[in-house]
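**Q** Provided herewith: data-v3.txt, compact mmCIF, C-alpha atoms.
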# COMPACT_ATOMS: atom_id res chain seq x y z
CA MET A 29 0.00 0.00 0.00
CA LEU A 30 2.86 2.42 0.69
CA ASP A 31 4.32 1.91 -2.78
CA GLU A 32 0.89 2.65 -4.24
CA ALA A 33 0.62 5.82 -2.14
CA LYS A 34 4.06 6.98 -3.22
CA ASP A 35 3.16 6.47 -6.87
CA ARG A 36 -0.08 8.42 -6.42
CA HIS A 37 1.86 11.27 -4.86
CA ALA A 38 4.14 11.44 -7.90
CA ARG A 39 1.14 11.56 -10.23
CA PHE A 40 -0.48 14.21 -8.03
CA GLN A 41 2.68 16.33 -8.24
CA GLN A 42 2.48 16.15 -12.02
CA LYS A 43 -1.13 17.31 -11.94
CA LEU A 44 -0.18 20.21 -9.65
CA ALA A 45 2.53 21.24 -12.09
CA GLU A 46 0.15 21.05 -15.06
CA ALA A 47 -2.38 23.19 -13.17
CA GLY A 48 0.23 25.75 -12.14
CA ILE A 49 -0.34 25.13 -8.43
CA GLU A 50 2.54 26.22 -6.21
CA VAL A 51 1.63 24.30 -3.04
CA ALA A 52 -1.24 22.09 -1.89
CA LEU A 53 -2.32 21.72 1.73
CA ILE A 54 -4.07 18.35 2.11
CA THR A 55 -6.11 17.99 5.30
CA ASP A 56 -8.83 15.44 4.61
CA GLU A 57 -8.01 12.16 6.36
CA ALA A 58 -8.90 10.05 3.32
CA SER A 59 -6.79 12.19 0.99
CA ILE A 60 -3.80 12.02 3.32
CA GLY A 61 -4.16 8.24 3.44
CA TYR A 62 -4.43 8.11 -0.34
CA LEU A 63 -1.20 10.07 -0.90
CA ALA A 64 0.88 9.37 2.19
CA GLY A 65 -0.38 6.02 3.42
CA PHE A 66 -1.29 6.97 6.97
CA TRP A 67 -4.34 8.18 8.86
CA GLY A 68 -4.92 9.75 12.23
CA TYR A 69 -7.00 8.59 15.17
CA LEU A 70 -7.33 11.96 16.93
CA SER A 71 -7.66 14.69 14.38
CA VAL A 72 -9.35 17.99 13.77
CA GLU A 73 -12.45 17.02 15.74
CA PHE A 74 -10.24 17.57 18.77
CA GLY A 75 -8.73 20.74 17.36
CA ARG A 76 -5.62 18.79 16.40
CA PRO A 77 -5.03 19.15 12.66
CA THR A 78 -2.69 16.94 10.67
CA ALA A 79 -1.73 18.03 7.16
CA LEU A 80 0.24 16.92 4.13
CA VAL A 81 2.01 19.68 2.22
CA VAL A 82 2.75 18.87 -1.43
CA ARG A 83 4.66 20.90 -3.99
CA PRO A 84 5.02 19.97 -7.67
CA ASP A 85 8.82 20.00 -7.50
CA GLY A 86 9.77 19.03 -3.94
CA ASP A 87 9.50 16.38 -1.26
CA PRO A 88 6.25 16.24 0.72
CA VAL A 89 6.01 17.29 4.35
CA VAL A 90 3.71 15.88 7.03
CA VAL A 91 2.67 18.27 9.81
CA THR A 92 1.35 16.37 12.82
CA PRO A 93 1.04 16.62 16.63
CA LEU A 94 4.20 15.58 18.43
CA MET A 95 2.41 12.82 20.35
CA GLU A 96 1.26 11.25 17.05
CA SER A 97 4.59 11.61 15.24
CA GLU A 98 6.15 8.24 16.14
CA MET A 99 3.13 6.35 14.85
CA VAL A 100 2.83 8.56 11.76
CA ALA A 101 6.51 8.09 10.88
CA ALA A 102 6.12 4.32 11.09
CA MET A 103 3.04 4.33 8.85
CA THR A 104 4.04 6.67 6.02
CA TRP A 105 6.62 6.66 3.26
CA VAL A 106 7.06 10.44 3.67
CA GLU A 107 10.41 11.20 5.26
CA GLU A 108 9.99 14.75 6.54
CA ILE A 109 7.73 14.86 9.60
CA VAL A 110 7.27 18.29 11.20
CA THR A 111 5.72 18.24 14.65
CA TRP A 112 3.78 20.73 16.73
CA GLU A 113 2.65 20.94 20.35
CA ASP A 114 -0.43 22.28 22.06
CA MET A 115 1.02 25.48 23.43
CA GLY A 116 3.83 27.98 23.05
CA ASN A 117 5.82 28.85 19.95
CA ASN A 118 5.60 25.30 18.64
CA HIS A 119 1.81 25.35 18.25
CA TRP A 120 0.58 24.52 14.75
CA VAL A 121 -0.47 28.12 14.11
CA HIS A 122 3.24 28.99 14.22
CA VAL A 123 4.60 25.83 12.60
CA LEU A 124 2.34 25.67 9.55
CA PRO A 125 3.36 29.08 8.11
CA LYS A 126 7.01 27.99 8.14
CA VAL A 127 6.15 24.86 6.16
CA LEU A 128 4.03 26.75 3.64
CA GLY A 129 6.75 29.39 3.23
CA ASP A 130 5.91 32.57 1.37
CA ALA A 131 3.22 31.00 -0.80
CA ARG A 132 0.34 33.40 -1.30
CA ARG A 133 -1.77 30.98 -3.33
CA VAL A 134 -2.52 27.69 -1.59
CA ALA A 135 -4.60 24.85 -3.00
CA VAL A 136 -6.85 23.22 -0.38
CA GLU A 137 -9.78 20.83 -0.29
CA LYS A 138 -12.37 23.55 0.10
CA GLY A 139 -15.31 21.29 0.76
CA THR A 140 -13.63 19.55 3.70
CA LEU A 141 -11.21 22.19 4.98
CA PRO A 142 -11.50 21.99 8.79
CA ALA A 143 -12.99 25.04 10.49
CA PRO A 144 -9.88 25.73 12.64
CA LEU A 145 -7.75 25.94 9.49
CA ARG A 146 -10.37 27.94 7.60
CA ASN A 147 -10.50 30.42 10.47
CA TRP A 148 -6.71 30.53 10.69
CA PHE A 149 -6.40 31.47 7.02
CA ASP A 150 -9.04 34.17 7.46
CA ASP A 151 -7.54 35.63 10.64
CA GLN A 152 -3.81 35.09 10.25
CA MET A 153 -3.26 34.76 6.49
CA PRO A 154 -5.85 37.16 5.02
CA GLY A 155 -3.83 37.78 1.87
CA THR A 156 -3.64 34.11 0.95
CA GLN A 157 -5.69 33.04 -2.04
CA LEU A 158 -7.26 29.62 -1.50
CA THR A 159 -7.99 27.53 -4.57
CA ASP A 160 -9.74 24.15 -4.68
CA VAL A 161 -7.57 21.11 -5.37
CA SER A 162 -10.42 18.64 -4.83
CA PRO A 163 -11.23 18.17 -8.53
CA LEU A 164 -7.65 17.07 -9.25
CA LEU A 165 -7.68 14.51 -6.45
CA GLY A 166 -11.22 13.44 -7.26
CA ALA A 167 -10.29 12.64 -10.85
CA MET A 168 -7.36 10.52 -9.65
CA ARG A 169 -9.45 8.62 -7.12
CA MET A 170 -12.27 7.90 -9.54
CA ILE A 171 -10.45 4.96 -11.18
CA LYS A 172 -9.23 2.29 -8.76
CA SER A 173 -6.04 0.31 -9.35
CA PRO A 174 -6.00 -3.52 -9.24
CA ALA A 175 -4.42 -3.31 -5.78
CA GLU A 176 -7.20 -1.06 -4.54
CA ILE A 177 -9.86 -3.33 -5.98
CA ALA A 178 -8.23 -6.32 -4.29
CA VAL A 179 -8.53 -4.57 -0.92
CA MET A 180 -12.16 -3.68 -1.66
CA ARG A 181 -12.88 -7.33 -2.45
CA GLN A 182 -11.52 -8.23 0.99
CA ALA A 183 -13.74 -5.54 2.48
CA GLY A 184 -16.62 -7.20 0.64
CA GLN A 185 -15.85 -10.55 2.23
CA ILE A 186 -15.77 -8.90 5.65
CA ALA A 187 -19.12 -7.27 4.93
CA GLY A 188 -20.55 -10.62 3.85
CA ALA A 189 -19.51 -12.19 7.15
CA MET A 190 -21.16 -9.29 8.96
CA MET A 191 -24.42 -9.76 7.05
CA GLY A 192 -24.45 -13.49 7.68
CA ALA A 193 -24.07 -12.84 11.40
CA ALA A 194 -26.83 -10.22 11.28
CA HIS A 195 -29.15 -12.71 9.60
CA GLY A 196 -28.29 -15.47 12.06
CA ALA A 197 -28.97 -13.25 15.09
CA LEU A 198 -32.55 -12.40 14.11
CA ALA A 199 -35.47 -13.94 15.97
CA ALA A 200 -38.64 -12.81 17.68
CA ASP A 201 -38.05 -11.11 21.07
CA VAL A 202 -34.33 -10.50 20.34
CA PRO A 203 -33.36 -6.84 20.96
CA GLU A 204 -31.93 -4.92 18.02
CA TYR A 205 -28.60 -4.32 19.76
CA GLU A 206 -27.89 -8.05 20.02
CA ALA A 207 -27.91 -8.31 16.23
CA ALA A 208 -25.62 -5.27 16.07
CA LEU A 209 -23.16 -6.94 18.45
CA ALA A 210 -23.13 -10.06 16.28
CA VAL A 211 -22.23 -7.90 13.26
CA ILE A 212 -19.28 -6.30 15.05
CA ASP A 213 -17.94 -9.65 16.29
CA ALA A 214 -18.19 -11.45 12.93
CA GLY A 215 -16.71 -8.57 10.95
CA THR A 216 -13.79 -8.15 13.34
CA ARG A 217 -12.90 -11.83 13.22
CA LYS A 218 -13.10 -11.93 9.42
CA ALA A 219 -10.94 -8.80 9.06
CA ALA A 220 -8.34 -10.20 11.46
CA GLY A 221 -7.88 -13.15 9.11
CA PHE A 222 -6.62 -10.83 6.36
CA LEU A 223 -4.02 -9.08 8.54
CA THR A 224 -0.53 -9.64 9.89
CA ASP A 225 1.24 -7.87 12.74
CA ARG A 226 4.13 -6.77 10.53
CA GLY A 227 4.95 -3.57 8.67
CA TRP A 228 2.19 -1.20 7.62
CA GLU A 229 -0.53 -3.78 8.36
CA ALA A 230 0.38 -3.69 12.04
CA PHE A 231 -1.41 -0.34 12.20
CA VAL A 232 -4.61 -1.62 10.57
CA SER A 233 -7.10 -2.52 13.27
CA PRO A 234 -9.50 -5.37 12.46
CA MET A 235 -12.07 -3.90 14.85
CA ILE A 236 -15.38 -3.07 13.21
CA GLN A 237 -16.42 0.31 14.51
CA GLY A 238 -19.41 2.60 14.23
CA LEU A 239 -22.99 2.74 15.40
CA GLN A 240 -24.96 0.09 13.56
CA ILE A 241 -27.64 1.50 11.28
CA LEU A 242 -30.53 -0.84 12.03
CA GLN A 243 -34.28 -0.33 12.08
CA SER A 244 -37.20 -2.68 12.51
CA GLY A 245 -40.95 -2.57 12.04
CA SER A 246 -42.43 0.74 10.89
CA ASP A 247 -39.13 2.44 11.73
CA THR A 248 -37.62 1.00 8.53
CA SER A 249 -38.93 4.12 6.78
CA MET A 250 -36.36 6.19 8.72
CA VAL A 251 -33.29 4.99 6.73
CA HIS A 252 -30.51 5.92 9.19
CA ARG A 253 -31.88 5.10 12.65
CA ARG A 254 -29.44 3.27 14.96
CA ALA A 255 -29.85 -0.06 16.75
CA SER A 256 -31.78 0.28 20.00
CA VAL A 257 -33.14 -1.87 22.84
CA LYS A 258 -36.36 -2.46 20.89
CA ARG A 259 -37.28 -6.15 20.68
CA LEU A 260 -38.12 -7.74 17.35
CA ALA A 261 -41.60 -9.09 16.71
CA PRO A 262 -42.98 -11.63 14.21
CA GLY A 263 -43.69 -9.93 10.90
CA ASP A 264 -41.16 -7.14 11.51
CA PRO A 265 -38.95 -6.06 8.64
CA VAL A 266 -35.38 -5.45 9.86
CA TYR A 267 -32.98 -3.28 7.90
CA PHE A 268 -29.18 -3.40 8.20
CA CYS A 269 -26.97 -0.76 6.55
CA PHE A 270 -23.19 -1.23 6.77
CA CYS A 271 -22.21 1.99 4.99
CA ASN A 272 -20.42 3.33 8.07
CA MET A 273 -18.97 -0.06 9.07
CA ALA A 274 -18.03 -2.07 5.95
CA GLN A 275 -14.49 -0.82 5.54
CA PHE A 276 -10.98 -2.24 5.47
CA LYS A 277 -7.56 -0.62 5.07
CA LEU A 278 -9.30 2.75 4.62
CA TYR A 279 -11.59 1.53 1.79
CA LYS A 280 -15.30 1.87 2.47
CA LEU A 281 -18.15 -0.04 0.82
CA GLY A 282 -21.91 0.25 0.74
CA PHE A 283 -23.90 -2.86 1.70
CA ASP A 284 -27.56 -3.14 2.82
CA ARG A 285 -30.11 -5.88 3.33
CA MET A 286 -33.66 -6.19 4.63
CA PHE A 287 -34.91 -9.24 6.53
CA PHE A 288 -38.31 -10.27 7.87
CA ILE A 289 -38.94 -11.94 11.22
CA GLU A 290 -40.67 -15.26 10.42
CA HIS A 291 -43.13 -13.84 7.87
CA ALA A 292 -44.07 -10.66 6.03
CA SER A 293 -47.21 -8.89 4.91
CA ASP A 294 -48.08 -8.72 1.23
CA ASP A 295 -47.58 -4.94 1.27
CA ALA A 296 -44.11 -5.21 2.83
CA ILE A 297 -43.08 -7.84 0.30
CA ARG A 298 -44.34 -5.67 -2.55
CA VAL A 299 -42.26 -2.71 -1.38
CA GLN A 300 -39.11 -4.76 -0.80
CA GLN A 301 -39.38 -6.55 -4.15
CA ALA A 302 -39.70 -3.20 -5.93
CA ALA A 303 -36.49 -2.00 -4.24
CA ILE A 304 -34.68 -5.21 -5.26
CA ASP A 305 -35.89 -4.97 -8.84
CA ALA A 306 -34.89 -1.29 -9.11
CA GLN A 307 -31.41 -2.03 -7.82
CA GLN A 308 -31.00 -4.95 -10.19
CA ALA A 309 -32.10 -2.81 -13.13
CA ALA A 310 -29.47 -0.23 -12.22
CA ILE A 311 -26.72 -2.84 -11.89
CA ALA A 312 -27.69 -4.40 -15.22
CA ALA A 313 -27.24 -0.98 -16.84
CA ILE A 314 -23.67 -0.48 -15.57
CA ARG A 315 -20.96 -0.80 -18.20
CA PRO A 316 -18.22 1.37 -19.69
CA GLY A 317 -19.43 4.21 -21.89
CA VAL A 318 -22.81 4.86 -20.25
CA THR A 319 -23.50 7.94 -18.14
CA ALA A 320 -24.01 7.88 -14.40
CA GLU A 321 -27.49 9.37 -14.77
CA SER A 322 -28.55 6.64 -17.21
CA VAL A 323 -27.90 4.03 -14.51
CA ALA A 324 -30.12 5.96 -12.12
CA GLU A 325 -32.81 6.24 -14.78
CA ALA A 326 -32.88 2.45 -15.17
CA ALA A 327 -33.84 2.20 -11.49
CA ASN A 328 -36.23 5.13 -11.69
CA GLU A 329 -38.19 3.43 -14.47
CA VAL A 330 -38.88 0.52 -12.12
CA TYR A 331 -39.96 2.81 -9.28
CA ARG A 332 -42.36 4.70 -11.53
CA ALA A 333 -43.83 1.50 -12.97
CA ARG A 334 -44.56 0.27 -9.42
CA GLY A 335 -46.12 3.57 -8.35
CA TYR A 336 -43.30 4.86 -6.14
CA GLU A 337 -41.48 8.18 -6.21
CA THR A 338 -37.84 8.08 -7.23
CA GLY A 339 -35.15 8.83 -4.71
CA TYR A 340 -32.38 11.41 -4.67
CA ARG A 341 -29.87 8.97 -6.15
CA THR A 342 -29.41 5.31 -6.99
CA GLY A 343 -25.76 5.07 -5.97
CA ARG A 344 -22.47 6.75 -5.24
CA SER A 345 -18.84 6.23 -6.01
CA ILE A 346 -16.96 4.54 -3.17
CA GLY A 347 -13.32 4.41 -2.11
CA MET A 348 -11.45 5.92 0.80
CA SER A 349 -14.25 8.40 1.51
CA TYR A 350 -17.87 7.63 2.31
CA LEU A 351 -18.94 9.73 -0.66
CA GLU A 352 -16.85 10.24 -3.77
CA ALA A 353 -17.62 11.32 -7.34
CA PRO A 354 -19.46 10.51 -9.50
CA GLU A 355 -22.96 9.79 -8.19
CA LEU A 356 -25.60 7.68 -9.91
CA LYS A 357 -28.29 10.34 -10.10
CA ALA A 358 -30.11 12.58 -12.56
CA GLY A 359 -27.84 15.31 -13.89
CA ASP A 360 -24.53 13.48 -13.39
CA LEU A 361 -23.20 13.04 -16.92
CA THR A 362 -19.94 11.33 -15.95
CA VAL A 363 -19.13 8.51 -18.36
CA LEU A 364 -18.44 5.24 -16.58
CA GLN A 365 -15.03 3.62 -17.06
CA PRO A 366 -13.47 0.32 -15.98
CA GLY A 367 -12.07 0.54 -12.46
CA MET A 368 -14.81 2.80 -11.10
CA THR A 369 -16.48 1.44 -7.98
CA PHE A 370 -20.01 2.16 -6.80
CA ALA A 371 -22.47 1.43 -4.04
CA VAL A 372 -25.77 0.75 -5.83
CA ASP A 373 -28.95 0.96 -3.79
CA GLY A 374 -32.61 0.16 -4.04
CA GLY A 375 -34.59 2.27 -1.61
CA ILE A 376 -38.24 3.08 -0.93
CA SER A 377 -39.66 4.87 2.13
CA LEU A 378 -43.34 4.94 3.06
CA ASP A 379 -43.31 7.33 6.01
CA GLY A 380 -44.51 5.76 9.23
CA GLN A 381 -45.26 2.46 7.51
CA CYS A 382 -42.22 0.62 6.14
CA GLY A 383 -39.32 0.78 3.73
CA GLY A 384 -37.72 -1.33 1.05
CA ARG A 385 -33.93 -1.53 1.14
CA ILE A 386 -31.04 -3.29 -0.60
CA GLY A 387 -27.50 -2.20 -1.43
CA ASP A 388 -24.37 -3.72 -2.97
CA SER A 389 -20.95 -2.52 -4.05
CA VAL A 390 -19.69 -3.18 -7.57
CA VAL A 391 -16.66 -2.50 -9.76
CA VAL A 392 -17.04 -1.53 -13.41
CA THR A 393 -15.30 -4.01 -15.73
CA GLU A 394 -14.50 -3.95 -19.45
CA THR A 395 -17.87 -5.50 -20.26
CA GLY A 396 -20.17 -4.63 -17.35
CA CYS A 397 -19.58 -4.88 -13.61
CA ASP A 398 -18.67 -7.36 -10.88
CA TYR A 399 -20.05 -7.53 -7.37
CA LEU A 400 -17.74 -6.65 -4.48
CA THR A 401 -20.39 -7.71 -1.96
CA GLU A 402 -22.35 -10.96 -1.93
CA TYR A 403 -25.55 -11.98 -0.16
CA PRO A 404 -28.85 -13.23 -1.62
CA ARG A 405 -30.82 -10.54 -3.44
CA GLU A 406 -34.31 -11.77 -2.64
CA ILE A 407 -36.96 -11.65 0.10
CA LEU A 408 -35.10 -12.85 3.20
CA TYR A 409 -36.53 -14.28 6.43
CA SER A 410 -35.11 -14.98 9.88
CA GLY A 411 -34.22 -18.61 10.46
CA GLN A 412 -33.62 -19.24 6.75
CA LEU A 413 -29.89 -18.79 6.26
CA PRO A 414 -28.51 -19.15 2.71
Please render this file's structure as C-alpha cells.

**A**
Amino acid sequence: MLDEAKDRHARFQQKLAEAGIEVALITDEASIGYLAGFWGYLSVEFGRPTALVVRPDGDPVVVTPLMESEMVAAMTWVEEIVTWEDMGNNHWVHVLPKVLGDARRVAVEKGTLPAPLRNWFDDQMPGTQLTDVSPLLGAMRMIKSPAEIAVMRQAGQIAGAMMGAAHGALAADVPEYEAALAVIDAGTRKAAGFLTDRGWEAFVSPMIQGLQILQSGSDTSMVHRRASVKRLAPGDPVYFCFCNMAQFKLYKLGFDRMFFIEHASDDAIRVQQAAIDAQQAAIAAIRPGVTAESVAEAANEVYRARGYETGYRTGRSIGMSYLEAPELKAGDLTVLQPGMTFAVDGGISLDGQCGGRIGDSVVVTETGCDYLTEYPREILYSGQLP
C-alpha cells in the first residue's frame, strides 16, 4: 500500500505542475491516506489538525502533533515529519506558516477544509488566495487500481460475514442491539484473518467500529436510525446498513439488506421486491461508456412503474471516503469507465409504515460490472440462512 501511495503522490505532483499550483495543503483524512499512506486517530475534531504539504517539485512534508509523530513516521513513506505541540511557539499556528513558506496561493480541499484551518487562514493569512484542489484529487481517485480493488474485495468478504451474522442473530423477542453486536464480532474476526502484525498492516485494526444503522418494524422508513433496545416481533422487517462499518484498510463499501422476522405482509413484500428490482435494473445498466445518470434512470423506471417516487440517487462512487464522485443520479453526466467502484442501492420509504432496502458494491469491468459484496438478493426471512 505504501508503494501505491508513493506512486499516487508522484502523479499528483504532475497534476499540480500542469495546473500551475505552487503548493497544496491536504487535510482530509482520506486524501492524506491516499497520498501518504497513513491516517490519524485523533484529528481535527479535537482541534488537532494533521496536514500533508505537497509541492510539484519538492519532497512532501507531514505536519502532525508531536504525540502522534512516532506512529505517523512508522506508517508513512514520507520522510519529513514536522511536529507541533499544544502550546507555546511550537503550536501549529506557528509551525504551519514555516512549512508553507511565502506562498500566497494555496490549494486546499475547500469542501472539507476543517474550520480551525479555515478560520486561521481568514484571521492570520488574510492575503492568501485559497484555490480548490479537490477536482484534481477526485479525478485521480475515480479509477481504482488492481491493488485497490483487491482490498475492496476483501472488504466485501468482511461485509458478507457481517451480514451473515446479522441474519443469524434475528429472531422474535431478540433486541436490536444483540444483532448489532453479532455484526461487530463477525466482521472483526473476518478482518483479522486478512491481517498480519508486521509492517504497515500492524497499524490496521481489524475492529469493526461505528454505530450500527438498524431499524425494525415501521421504523424502517427512517433509513438511518441506529440499533436500540427495541425487541423484534414476528412480521417485523429489519434493515441493516453497513455503509459506516463495511471498511478495510481505509476503503469503504456500501452494503444493505432487509430481513423479515418469520413472515411478512403482502404490502411489505411488494415494497421490498420493488427495491430489489430497481437495484438490479441499475446494476444491469452499468458498463463502460454509459453515463451515471442513465444508470439511475434504469432504477427510476422501475420505481415509476410500481407507483413509487424516485429517490435522490441510486448510488455513489466509493473508495477511501464515504462519498466520492461521480454519483448515480439525474444530472450526473460522468461517463463510466473500468475501475470505477459504486455502491448501488434500491430504496423506498413509506413514512410511518415501512421501507424497502437493498444495497451492494460493484466495480465496473470492461464488459459490465462485478459484485464486491455478496448476499442473496431476494426476500429474506429470519431462520432461513442461505

**Q** Which protein, DNA or RNA residues are at most 12 Å from (2.7, 22.6, 14.7) in the file's coordinates when you count all atoms listed in the file, listed as a PyMOL selection string?

**A** chain A and resi 75-79+90-97+109-128

**Q** Env of Lys43 (chain A): 12 Å cut, atoms = all atoms listed in the file, seq-sep filter 5 positions within chain, self excluded. Answer as a CSV table (one decimal) with C-alpha atoms, in the frame of the given file.

**A**
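Generated file (result.csv):
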chain,number,residue,atom,x,y,z
A,36,ARG,CA,-0.1,8.4,-6.4
A,37,HIS,CA,1.9,11.3,-4.9
A,38,ALA,CA,4.1,11.4,-7.9
A,48,GLY,CA,0.2,25.8,-12.1
A,49,ILE,CA,-0.3,25.1,-8.4
A,50,GLU,CA,2.5,26.2,-6.2
A,51,VAL,CA,1.6,24.3,-3.0
A,52,ALA,CA,-1.2,22.1,-1.9
A,82,VAL,CA,2.8,18.9,-1.4
A,83,ARG,CA,4.7,20.9,-4.0
A,84,PRO,CA,5.0,20.0,-7.7
A,85,ASP,CA,8.8,20.0,-7.5
A,161,VAL,CA,-7.6,21.1,-5.4
A,162,SER,CA,-10.4,18.6,-4.8
A,163,PRO,CA,-11.2,18.2,-8.5
A,164,LEU,CA,-7.6,17.1,-9.2
A,165,LEU,CA,-7.7,14.5,-6.4
A,166,GLY,CA,-11.2,13.4,-7.3
A,167,ALA,CA,-10.3,12.6,-10.8
A,168,MET,CA,-7.4,10.5,-9.6

**Q** Hey, can you check how far CA of Pro354 (chain A) sits from CA of Thr319 (chain A)?

**A**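 We find that CA of Pro354 (chain A) and CA of Thr319 (chain A) lie 9.9 Å from each other.
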
**Q** Pick out the closest residue to Leu281 (chain A) from this set: A:Asp247, A:Asp388, A:Glu325, A:Glu355. Count all atoms listed in the file.

**A**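 Of A:Asp247, A:Asp388, A:Glu325, A:Glu355, the one nearest Leu281 (chain A), counting all atoms listed in the file, is A:Asp388.
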
**Q** Can you tell me, as a list of chain:residue names, which residues sit within 10 Å of (-19.8, 4.1, -24.8) in the file's frame, using only C-alpha atoms?

**A**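 Here the neighbourhood of the point contains A:Arg315, A:Pro316, A:Gly317, A:Val318, A:Thr319, A:Val363, A:Leu364, A:Gln365.
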
**Q** Do you know which residues are at most 6 Å from Val391 (chain A) counting only C-alpha atoms, after dropping those on the same chain fewer than 6 positions away, and could you put them as a compact mmCIF listing (two decimals) with C-alpha atoms, in the frame of the given file?

**A**
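Result file is around_39.txt:
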# COMPACT_ATOMS: atom_id res chain seq x y z
CA MET A 368 -14.81 2.80 -11.10
CA THR A 369 -16.48 1.44 -7.98
CA CYS A 397 -19.58 -4.88 -13.61
CA ASP A 398 -18.67 -7.36 -10.88

**Q** For a quick check of understanding, using all atoms listed in the file, which of A:Ala220, A:Ala371, A:Asp225, A:Met170 has the smallest distance to Phe270 (chain A)?

**A**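 Of A:Ala220, A:Ala371, A:Asp225, A:Met170, the one nearest Phe270 (chain A) is A:Ala371, counting all atoms listed in the file.
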
**Q** Pick out the closest residue to Gly188 (chain A) from this set: A:Cys271, A:Ile54, A:Leu209, A:Leu400. Count only C-alpha atoms.

**A**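 Between A:Cys271, A:Ile54, A:Leu209, A:Leu400, the residue approaching Gly188 (chain A) most closely is A:Leu400.
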
**Q** Can you tell me, as a PyMOL selection string, what residues are no more than 9 Å from Arg181 (chain A) when counting only C-alpha atoms, ignoring any on the same chain fewer than 5 positions away?

**A** chain A and resi 176+186+399-401

**Q** Pick from A:Ala324, A:Ala261, A:Ala274, A:Ala175: nearest to His291 (chain A), with all atoms listed in the file counted?

**A**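 Among A:Ala324, A:Ala261, A:Ala274, A:Ala175, it is A:Ala261 that comes nearest to His291 (chain A).
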
**Q** Take CA of Glu206 (chain A) and CA of Gly383 (chain A) and report the distance between them in Å, one decimal.

**A**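 Separation between CA of Glu206 (chain A) and CA of Gly383 (chain A): 21.8 Å.
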
**Q** For Arg298 (chain A), which residue out of A:Ile376, A:Ala189, A:Ala199, A:Ile171 is the nearest one, using only C-alpha atoms?

**A**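 Answer, going by the shortest atom-to-atom distance: A:Ile376.
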
**Q** Select, from A:Asp305, A:Glu402, A:Glu204, A:Asp160, the residue with the minimum atom-to-atom distance to Asp284 (chain A), counting all atoms listed in the file.

**A**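 Once distances to Asp284 (chain A) are computed over all atoms listed in the file, the minimum belongs to A:Glu402.
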
**Q** Could you state the separation of CA of Ser249 (chain A) and CA of Arg405 (chain A) in Å, given to one decimal place?

**A** 19.6 Å

**Q** Do a neighbour search on Gln157 (chain A) at 9 Å with only C-alpha atoms, toss out local chain neighbours closer than 4 positions, and write the hits as a list in words.

**A**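 Listed by chain and then number, they are Arg132, Arg133, Val134 and Ala135 of chain A.
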
**Q** Which residues come within 9 Å of Cys269 (chain A), counting all atoms listed in the file, excluding same-chain residues fewer than 4 positions away, as a compact mmCIF listing (two decimals) with C-alpha atoms, in the frame of the given file?

**A**
# COMPACT_ATOMS: atom_id res chain seq x y z
CA GLN A 240 -24.96 0.09 13.56
CA ILE A 241 -27.64 1.50 11.28
CA LEU A 242 -30.53 -0.84 12.03
CA VAL A 251 -33.29 4.99 6.73
CA HIS A 252 -30.51 5.92 9.19
CA MET A 273 -18.97 -0.06 9.07
CA GLY A 282 -21.91 0.25 0.74
CA PHE A 283 -23.90 -2.86 1.70
CA ASP A 284 -27.56 -3.14 2.82
CA ARG A 285 -30.11 -5.88 3.33
CA MET A 286 -33.66 -6.19 4.63
CA ARG A 385 -33.93 -1.53 1.14
CA ILE A 386 -31.04 -3.29 -0.60
CA GLY A 387 -27.50 -2.20 -1.43

**Q** Would you write out, as a tab-separated table, a table of all residues in region 63-154 of chain A that have an atom no more than 12 Å from an atom of region 338-349 of chain A, listing for each the closest atom pair and the distance in Å to one decimal, considering all atoms listed in the file and ordering rows by chain and rising residue number?

**A**
residue	atom	partner	partner_atom	distance
A:Leu63	CA	A:Met348	CA	11.2
A:Gly65	CA	A:Met348	CA	11.4
A:Phe66	CA	A:Met348	CA	11.9
A:Trp67	CA	A:Met348	CA	11.0
A:Thr140	CA	A:Ser349	CA	11.4

**Q** Please, what is the axis-aligned box for every listed atom of region 79-86 of chain A with 6 Å on each side, as centre and edge lengths in Å to one decimal, as lines of an AutoDock Vina configuration file?

**A**
center_x = 4.0
center_y = 18.9
center_z = -0.3
size_x = 23.5
size_y = 16.0
size_z = 26.8
